[in-house]
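Step one of this worksheet: look at the structure below.
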Amino acid sequence: MSTSDYDPACLPDLLPIYYRRLFFPFSQYYRWLSYGGVSKNYFQNREFSFTLKDDIYVRYQSFTSQNELENEMQKMVPNKIDIGAVYSHRPSQHNAVKSGTFQALEKELVFDIDMTDYDDVRCCCSAADICSKCWTLMNIAIRILDRALREDFGFHHLLWVYLGRRGVHCWVCDDAARKLSVAARSAVAEYLSLVKGGEETVRKVVLSDPIHPFIKLPLFLLVILSVVERYFQQYTIVDQDILGSKESVDKVLALLPEDIKKDLAVSYKDEKDPMKQWDQLCDLVERKKSNSRKGGQYFDKEIMLQYCYPRLDVNVSKGVNHLLKSPFSVHPKTGRISVPIDLKELNTFDPFEVPTISLICEELERPRADEAEEDDKKDKENEQEAGERHRIRDYKRTSLAKYVKVFDWFLEAMARSRKGEMLKKSDLQMDF
Amino acid sequence: MQFSGRRKKLIGSSQNDLYDHCLQFYGQPPLENISLTEFETFAVERLKLLKTVENLGVSYVKNSEHYVKKLEAEFSNLNFPLKTELGDRKVQGGTSEYEKRRKDHISHFILRLAYCQTEDLRRWFIQQEMDLFRYRFGDLTSKHKTDFLHKNNLKYETVSAEEKKSLKDKLITSSYGLSGITVEEYDFYKVPFQDALDLVRTRKVYLLAGNAYIPHHEIVTIVLNDFRTRLSKALAMTARSLPTVQSDERLQPLLSHLSHAYVGQDYSIQKNIGKISLEQIDALSGKSFPLCMRHLHKALRENHHLRHGGRMQYGLFLKGIGLTLEQALQFWRSEFVKGKVDADKFDKAYAYSVRHMFGKEGKRTDYTPYSCMKVILSNPPSQGDYHGCPFRHSDPELLKQNLQNYKVSPSGINQILELVKGMHYQLACQKYFELTHNVEDAGFSLNHPNQYFTESQKLLDGGREIKKEVDMSQRSQENPANMTRPSQANSKQAHEEMGDLDSFFQDE
């Protein structure tokens, strides 16, 4: 069992271990946020915020080096770490700067997907809970967004992070992404948003265009629908059982026009197999579409999207100075580490197998099976307890290892790409 | 932009060169002498035009038939240039096309002086000028569009024929309103997506690897982005040279009238502070709150919580009706504590943002309550939100139910739904006011939730004090033409001119 019975009350005791004994991958973290040192002071001008115990929240933290970051984090032992923007000056000195000149300049483009935003369309869980059934929604969301961000927008360096309870983040780290304006971020987020409306809106996805009714569905939608369709039958019809009870059937019918609703109410009296019920619904929609003079109507596809399409919080993506939870933070309620997700293994990713802080602390205490690797030479920051000095403090011996590896690959890909850029540039300038 | 340049005489260039296109980017400031009367008239007429643009933009879909028709009418009435050629036959006794273009040019630069001073003013000015430009550019013939682009050195990369061919199907299915033939015939431009945000946002264009493939006729959006960037920079520069302008005592009063006329009543200075007690709020929500705030209040009472968007919209509204900071803190705390939030957590997490709203934290900006325009147009609600404008953001069916619950008559509900269908959200709210207060005519033009509250209280109490305050604020909102044309100082004139604007809101 991965959780090893995490108890939130133990967090204050576990966190110091987490930060001191190289669980928190400081050198990779620093490598990430320095982005190859191409821009001067990029790391130094980055804002971090810490949530300390007793919910004390401190903003405008900044650090001049990896060492300082480590020291401060080990000293303050934050419960939660947020990453903000890269500013024009060191955030820790922002009060000394002439007012109006301290500005957020760059930040990764980020997306936040929270399972509670799907509460109106999942019946297995609600609020903070998730299960393997509704996890499929995350799977779908990640696939759709990852493809769109890479193929449509040309981004290459995406870091997907599982937050430890009910959400995932995507950090788009390309140079171009970090330089995007507020308007551009908002446009990208809106491009990716199809599910719109709050409590008061019943029909949240509208695909038909009243001004151009005979327009075919655009390419963007066709690509998305092909992904959604792969999952829809199993996830929505079977797992979520949206046609299983009167209440849930009514919810589906509420998304349809009166005439189709009436016809379905009749045919559902006889047909009880949900798969066939869904087929009937699609048939009726198709028939109405071909008979209608009003042109394209896509009620069946709208239903699929309403139940499955990713729901983003646009406000998270818009702001350049927005503070977002850092990867490798610990979730206070579940104890799970916010780990990178390997998209190559997305189908087998299990959120319930992500290690908790108690688990990895426990794993570290287990006796070593073999001789340690020697790359602990970077180890300077050690506790000076007798006997500990010879122990290898290595997250690599714990379940956290494989997730840190994903982070390593991500960083290597960015490094390679930076090298490629520099070669291109120097070729153009004919430097040798 | 040099203010002193105004005093230089126009040297050399013939009249025709200066205004050889009916549309311009306003790159060069005017260099001629101009009388004070012309200065005033031009400025005021352009302001009228921009305010029309603003009002039409909320009542109609931009660039729809109604919108275009009404805007065109206003153009001719105010003698601004349309799309005709320069040498065209001049209407007997009317203004020549050249004169119209000159007016367009000069009036734009005068308004820059008035609207460069604060972020809000700049944003408003840029928004209206952009909408205006979009309408005018869209109205040009294809040839004129190309002429314009060439004259203004707008470079963009055309997509090669081979690439077009290989992407043909994708271009057809992704680009809005295109057939196979048009793809072959028309030019496509490859533009980084950051330069075509409007098209990207609405998915009207094919995106590949970060580039948007724009068909020729969509080039207006690219041009608009360019326009916005240039104007934004220019306004920032103008602001820096403003002190020189303001020292001219002939111009200073006019310029400040112009910019205040726009802002109008923003409810940032609360009158009646402390006159509302917390116990009254429940009753007031039914009687005098606009529907959006009534919903928010109800949701807060029921769920003992509101998300950030709802807290901002409702919190600022409450500030606007006169709640003090202490009252607000008490109000929110008592409600949240009934829910999942204990008093400690409230003090740590939420109290900060309430104080923030009153300007006691952070930047110490005193945030102003949201106008209807802001509520309708920005930050649409998503799942779990209760903010926004119910006439804009609610499902019509749900809206109908809610109105029924609030005992609005069936015929009244129908009237409201009709207005909603026509996208006249503020009129729908006004109708709601009329129905709930049992009056034929609201007697005001709704554009702010706090205005709704003030008017409602005025009606219900008939209190002389409140009435006087409202009257005074109304006067400051009146048409600037009233203020600056000394020959038309009487209020009757002003009333007629307000009437002009109102007629835009009536259905045909």
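Chains: A, B, ... in order of the structure tokens. Residues: from 1 per chain. Ligands: from 1, in order shown.
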
**Message:** For the alpha helix (DSSP H) assignment from backbone DSSP, which residues of region 136-322 of chain A qualify? Please present them as a ChimeraX atom specification.
**Reply:** /A:136-147,175-178,182-191,219-232,246-253,258-270,274-291,299-308,314-318

**Request:** Enumerate as a ChimeraX atom specification the residues belonging to chain A that approach chain B to within 10 Å, with only C-alpha atoms taken into account.
**Result:** /A:54-57,116-120,148-156,176,180-181,183-193,195-204,212,214-222,311-315

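Backbone DSSP over region 110-353 of chain A yields strand (DSSP E or B) at A:Val110, A:Phe111, A:Asp112, A:Ile113, A:Asp114, A:Leu158, A:Leu159, A:Trp160, A:Val161, A:Tyr162, A:Gly167, A:Val168, A:His169, A:Cys170, A:Trp171, A:Val172, A:Leu312, A:Leu324, A:Lys325, A:Val330, A:Arg336, A:Ile337, A:Val339, A:Pro340.
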
With N, CA, C and O atoms kept, could you save the residues just selected as an mmCIF file, in the first residue's frame?
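As a result, part.cif now contains:
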```cif
data_model
loop_
_atom_site.group_PDB
_atom_site.id
_atom_site.type_symbol
_atom_site.label_atom_id
_atom_site.label_comp_id
_atom_site.auth_asym_id
_atom_site.auth_seq_id
_atom_site.Cartn_x
_atom_site.Cartn_y
_atom_site.Cartn_z
ATOM 1 N N VAL A 110 0.518 28.188 -17.808
ATOM 2 C CA VAL A 110 0.077 27.076 -16.959
ATOM 3 C C VAL A 110 -1.404 26.796 -17.105
ATOM 4 O O VAL A 110 -2.191 27.675 -17.451
ATOM 5 N N PHE A 111 -1.767 25.550 -16.872
ATOM 6 C CA PHE A 111 -3.162 25.147 -16.890
ATOM 7 C C PHE A 111 -3.471 24.321 -15.646
ATOM 8 O O PHE A 111 -2.647 23.531 -15.182
ATOM 9 N N ASP A 112 -4.673 24.518 -15.152
ATOM 10 C CA ASP A 112 -5.094 23.835 -13.928
ATOM 11 C C ASP A 112 -6.373 23.087 -14.202
ATOM 12 O O ASP A 112 -7.358 23.665 -14.659
ATOM 13 N N ILE A 113 -6.341 21.788 -13.962
ATOM 14 C CA ILE A 113 -7.562 20.998 -14.138
ATOM 15 C C ILE A 113 -7.934 20.395 -12.801
ATOM 16 O O ILE A 113 -7.150 19.670 -12.194
ATOM 17 N N ASP A 114 -9.113 20.732 -12.364
ATOM 18 C CA ASP A 114 -9.561 20.355 -11.029
ATOM 19 C C ASP A 114 -10.801 19.494 -11.155
ATOM 20 O O ASP A 114 -11.778 19.880 -11.786
ATOM 21 N N LEU A 158 6.444 20.531 -22.181
ATOM 22 C CA LEU A 158 5.299 20.541 -21.268
ATOM 23 C C LEU A 158 5.586 19.635 -20.081
ATOM 24 O O LEU A 158 5.992 18.482 -20.244
ATOM 25 N N LEU A 159 5.353 20.164 -18.890
ATOM 26 C CA LEU A 159 5.515 19.347 -17.688
ATOM 27 C C LEU A 159 4.141 19.164 -17.059
ATOM 28 O O LEU A 159 3.523 20.132 -16.617
ATOM 29 N N TRP A 160 3.663 17.938 -17.050
ATOM 30 C CA TRP A 160 2.373 17.648 -16.423
ATOM 31 C C TRP A 160 2.624 17.155 -15.012
ATOM 32 O O TRP A 160 3.458 16.279 -14.793
ATOM 33 N N VAL A 161 1.899 17.709 -14.047
ATOM 34 C CA VAL A 161 2.147 17.359 -12.641
ATOM 35 C C VAL A 161 0.843 16.944 -11.964
ATOM 36 O O VAL A 161 -0.171 17.636 -12.098
ATOM 37 N N TYR A 162 0.888 15.833 -11.258
ATOM 38 C CA TYR A 162 -0.280 15.419 -10.474
ATOM 39 C C TYR A 162 -0.164 16.050 -9.102
ATOM 40 O O TYR A 162 0.868 15.962 -8.452
ATOM 41 N N GLY A 167 -6.325 17.100 -8.737
ATOM 42 C CA GLY A 167 -6.075 17.928 -9.905
ATOM 43 C C GLY A 167 -4.718 17.671 -10.527
ATOM 44 O O GLY A 167 -3.845 16.985 -9.978
ATOM 45 N N VAL A 168 -4.571 18.227 -11.725
ATOM 46 C CA VAL A 168 -3.273 18.212 -12.394
ATOM 47 C C VAL A 168 -2.967 19.615 -12.906
ATOM 48 O O VAL A 168 -3.871 20.407 -13.140
ATOM 49 N N HIS A 169 -1.696 19.878 -13.046
ATOM 50 C CA HIS A 169 -1.255 21.126 -13.659
ATOM 51 C C HIS A 169 -0.451 20.811 -14.892
ATOM 52 O O HIS A 169 0.195 19.764 -14.980
ATOM 53 N N CYS A 170 -0.464 21.767 -15.839
ATOM 54 C CA CYS A 170 0.452 21.658 -16.968
ATOM 55 C C CYS A 170 1.303 22.915 -16.992
ATOM 56 O O CYS A 170 0.771 24.024 -16.986
ATOM 57 N N TRP A 171 2.618 22.735 -17.002
ATOM 58 C CA TRP A 171 3.541 23.859 -17.092
ATOM 59 C C TRP A 171 4.134 23.862 -18.497
ATOM 60 O O TRP A 171 4.862 22.944 -18.866
ATOM 61 N N VAL A 172 3.802 24.903 -19.275
ATOM 62 C CA VAL A 172 4.386 24.991 -20.619
ATOM 63 C C VAL A 172 5.615 25.887 -20.522
ATOM 64 O O VAL A 172 5.492 27.073 -20.231
ATOM 65 N N LEU A 312 -11.117 23.891 -17.912
ATOM 66 C CA LEU A 312 -9.989 24.662 -17.400
ATOM 67 C C LEU A 312 -10.472 25.817 -16.574
ATOM 68 O O LEU A 312 -11.531 26.361 -16.814
ATOM 69 N N LEU A 324 1.433 29.632 -8.598
ATOM 70 C CA LEU A 324 0.898 28.287 -8.755
ATOM 71 C C LEU A 324 1.714 27.302 -7.935
ATOM 72 O O LEU A 324 2.934 27.406 -7.829
ATOM 73 N N LYS A 325 1.016 26.315 -7.403
ATOM 74 C CA LYS A 325 1.673 25.308 -6.572
ATOM 75 C C LYS A 325 2.842 24.658 -7.300
ATOM 76 O O LYS A 325 2.735 24.305 -8.467
ATOM 77 N N VAL A 330 4.209 18.975 -1.130
ATOM 78 C CA VAL A 330 3.499 17.868 -0.487
ATOM 79 C C VAL A 330 2.055 18.292 -0.266
ATOM 80 O O VAL A 330 1.799 19.407 0.213
ATOM 81 N N ARG A 336 0.504 13.197 -0.393
ATOM 82 C CA ARG A 336 1.167 12.786 -1.631
ATOM 83 C C ARG A 336 2.050 13.898 -2.175
ATOM 84 O O ARG A 336 1.746 15.073 -2.039
ATOM 85 N N ILE A 337 3.128 13.476 -2.820
ATOM 86 C CA ILE A 337 4.026 14.431 -3.441
ATOM 87 C C ILE A 337 3.449 14.805 -4.797
ATOM 88 O O ILE A 337 2.899 13.955 -5.504
ATOM 89 N N VAL A 339 3.894 15.026 -8.218
ATOM 90 C CA VAL A 339 4.917 14.432 -9.080
ATOM 91 C C VAL A 339 4.640 14.655 -10.553
ATOM 92 O O VAL A 339 3.488 14.752 -10.977
ATOM 93 N N PRO A 340 5.703 14.709 -11.358
ATOM 94 C CA PRO A 340 5.509 14.777 -12.808
ATOM 95 C C PRO A 340 4.888 13.486 -13.328
ATOM 96 O O PRO A 340 5.137 12.402 -12.785
#
```

**Prompt:** Could you pull the residues within 12 Å of region 341-347 of chain A, counting only C-alpha atoms, minus those fewer than 6 positions along the same chain, as a PyMOL selection string?
**Reply:** chain A and resi 132+135-147+158-164+168-171+231+327-328+354+400+402-410

**Request:** Excluding region 81-89 of chain A and residues on its chain fewer than 3 positions from it, collect all residues at most 6 Å away from it, counting only C-alpha atoms, and give them as a ChimeraX atom specification.
**Result:** /A:45-50,102-107,321-326

Store the residues picked out above, limited to N, CA, C and O atoms, as a compact mmCIF listing (two decimals), in the first residue's frame.
```txt
# COMPACT_ATOMS: atom_id res chain seq x y z
N ASN A 45 15.39 36.50 -10.02
CA ASN A 45 14.24 37.39 -10.05
C ASN A 45 12.90 36.65 -10.02
O ASN A 45 11.85 37.23 -10.25
N ARG A 46 12.95 35.36 -9.71
CA ARG A 46 11.72 34.58 -9.67
C ARG A 46 11.07 34.71 -8.30
O ARG A 46 11.74 34.60 -7.28
N GLU A 47 9.75 34.89 -8.32
CA GLU A 47 9.07 34.95 -7.03
C GLU A 47 8.63 33.56 -6.58
O GLU A 47 8.08 32.79 -7.37
N PHE A 48 8.87 33.27 -5.31
CA PHE A 48 8.30 32.08 -4.68
C PHE A 48 7.43 32.56 -3.53
O PHE A 48 7.68 33.62 -2.96
N SER A 49 6.44 31.78 -3.20
CA SER A 49 5.73 32.09 -1.96
C SER A 49 5.65 30.82 -1.13
O SER A 49 5.59 29.71 -1.67
N PHE A 50 5.73 31.01 0.17
CA PHE A 50 5.68 29.85 1.08
C PHE A 50 4.46 29.96 1.96
O PHE A 50 4.10 31.05 2.42
N PHE A 102 8.51 47.87 -10.63
CA PHE A 102 8.62 46.45 -10.29
C PHE A 102 7.52 45.71 -11.04
O PHE A 102 6.34 45.85 -10.74
N GLN A 103 7.90 44.91 -12.04
CA GLN A 103 6.88 44.30 -12.88
C GLN A 103 7.16 42.84 -13.14
O GLN A 103 8.32 42.42 -13.23
N ALA A 104 6.07 42.09 -13.29
CA ALA A 104 6.20 40.69 -13.69
C ALA A 104 6.52 40.66 -15.17
O ALA A 104 5.79 41.25 -15.97
N LEU A 105 7.60 39.98 -15.55
CA LEU A 105 8.00 39.98 -16.94
C LEU A 105 7.64 38.69 -17.66
O LEU A 105 7.11 38.71 -18.75
N GLU A 106 8.01 37.57 -17.06
CA GLU A 106 7.79 36.30 -17.74
C GLU A 106 7.31 35.24 -16.77
O GLU A 106 7.57 35.33 -15.57
N LYS A 107 6.63 34.23 -17.34
CA LYS A 107 6.26 33.07 -16.53
C LYS A 107 5.82 31.97 -17.46
O LYS A 107 5.33 32.23 -18.56
N ASN A 321 1.45 37.07 -13.35
CA ASN A 321 2.00 37.04 -11.99
C ASN A 321 1.30 36.03 -11.09
O ASN A 321 1.48 36.03 -9.89
N HIS A 322 0.48 35.17 -11.69
CA HIS A 322 -0.26 34.19 -10.90
C HIS A 322 0.68 33.21 -10.20
O HIS A 322 1.59 32.68 -10.82
N LEU A 323 0.43 32.96 -8.93
CA LEU A 323 1.27 32.01 -8.18
C LEU A 323 0.64 30.63 -8.24
O LEU A 323 -0.55 30.47 -7.96
N LEU A 324 1.43 29.63 -8.60
CA LEU A 324 0.90 28.29 -8.76
C LEU A 324 1.71 27.30 -7.94
O LEU A 324 2.93 27.41 -7.83
N LYS A 325 1.02 26.32 -7.40
CA LYS A 325 1.67 25.31 -6.57
C LYS A 325 2.84 24.66 -7.30
O LYS A 325 2.74 24.30 -8.47
N SER A 326 3.91 24.50 -6.58
CA SER A 326 5.13 23.98 -7.20
C SER A 326 5.11 22.47 -7.30
O SER A 326 4.58 21.78 -6.43
```

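Nearest residue to Leu71 (chain B), choosing from B:Leu132, B:Leu235, B:Leu278, B:Leu23 and counting only C-alpha atoms: B:Leu132.
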
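Omitting region 298-303 of chain B and its sequence neighbours fewer than 4 positions away, and counting only C-alpha atoms, the residues within 8 Å are Arg294, Glu335, Gly339 and Tyr386 of chain B.
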
**Message:** Considering only C-alpha atoms, can you say which of B:His437, B:Arg355, B:Lys69, B:Arg392 comes closest to Asp139 (chain B)?
**Reply:** B:Lys69

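Restricting the calculation to only C-alpha atoms, the smallest distance between Cys361 (chain A) and any of A:Ser338, A:Tyr19, A:Ala9, A:Leu194 is found for A:Tyr19.
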
Can you pull out the residues contacting Lys70 (chain B)? Cut-off 10 Å, using only C-alpha atoms, and skip same-chain residues under 2 positions away; I want them as a short mmCIF file (atom, residue, chain, number, x, y, z; two decimals) with C-alpha atoms, in the first residue's frame.
```cif
data_model
loop_
_atom_site.label_atom_id
_atom_site.label_comp_id
_atom_site.auth_asym_id
_atom_site.auth_seq_id
_atom_site.Cartn_x
_atom_site.Cartn_y
_atom_site.Cartn_z
CA THR B 52 -22.34 55.55 -29.53
CA VAL B 53 -19.83 52.87 -30.37
CA LEU B 56 -24.05 49.84 -29.52
CA GLU B 65 -26.65 44.34 -39.33
CA HIS B 66 -28.27 46.55 -36.71
CA TYR B 67 -24.95 47.60 -35.31
CA VAL B 68 -23.61 48.58 -38.70
CA GLU B 72 -23.35 54.37 -40.18
CA ALA B 73 -26.21 56.70 -39.36
CA GLU B 74 -24.26 58.26 -36.54
CA PHE B 75 -21.28 58.69 -38.85
CA PHE B 504 -30.92 53.47 -29.90
#
```

**Request:** Pick out the closest residue to Gly286 (chain B) from this set: B:Tyr115, B:Tyr406, B:Tyr452, B:Tyr425. Count only C-alpha atoms.
**Result:** B:Tyr406

**Asked** Which distance in Å separates CA of Glu249 (chain B) and CA of Glu99 (chain B), to one decimal?
**Response** 27.5 Å

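The closest residue to Leu33 (chain A), picked from A:Pro16, A:Asp174, A:Glu353, A:Glu363 and counting only C-alpha atoms, is A:Asp174.
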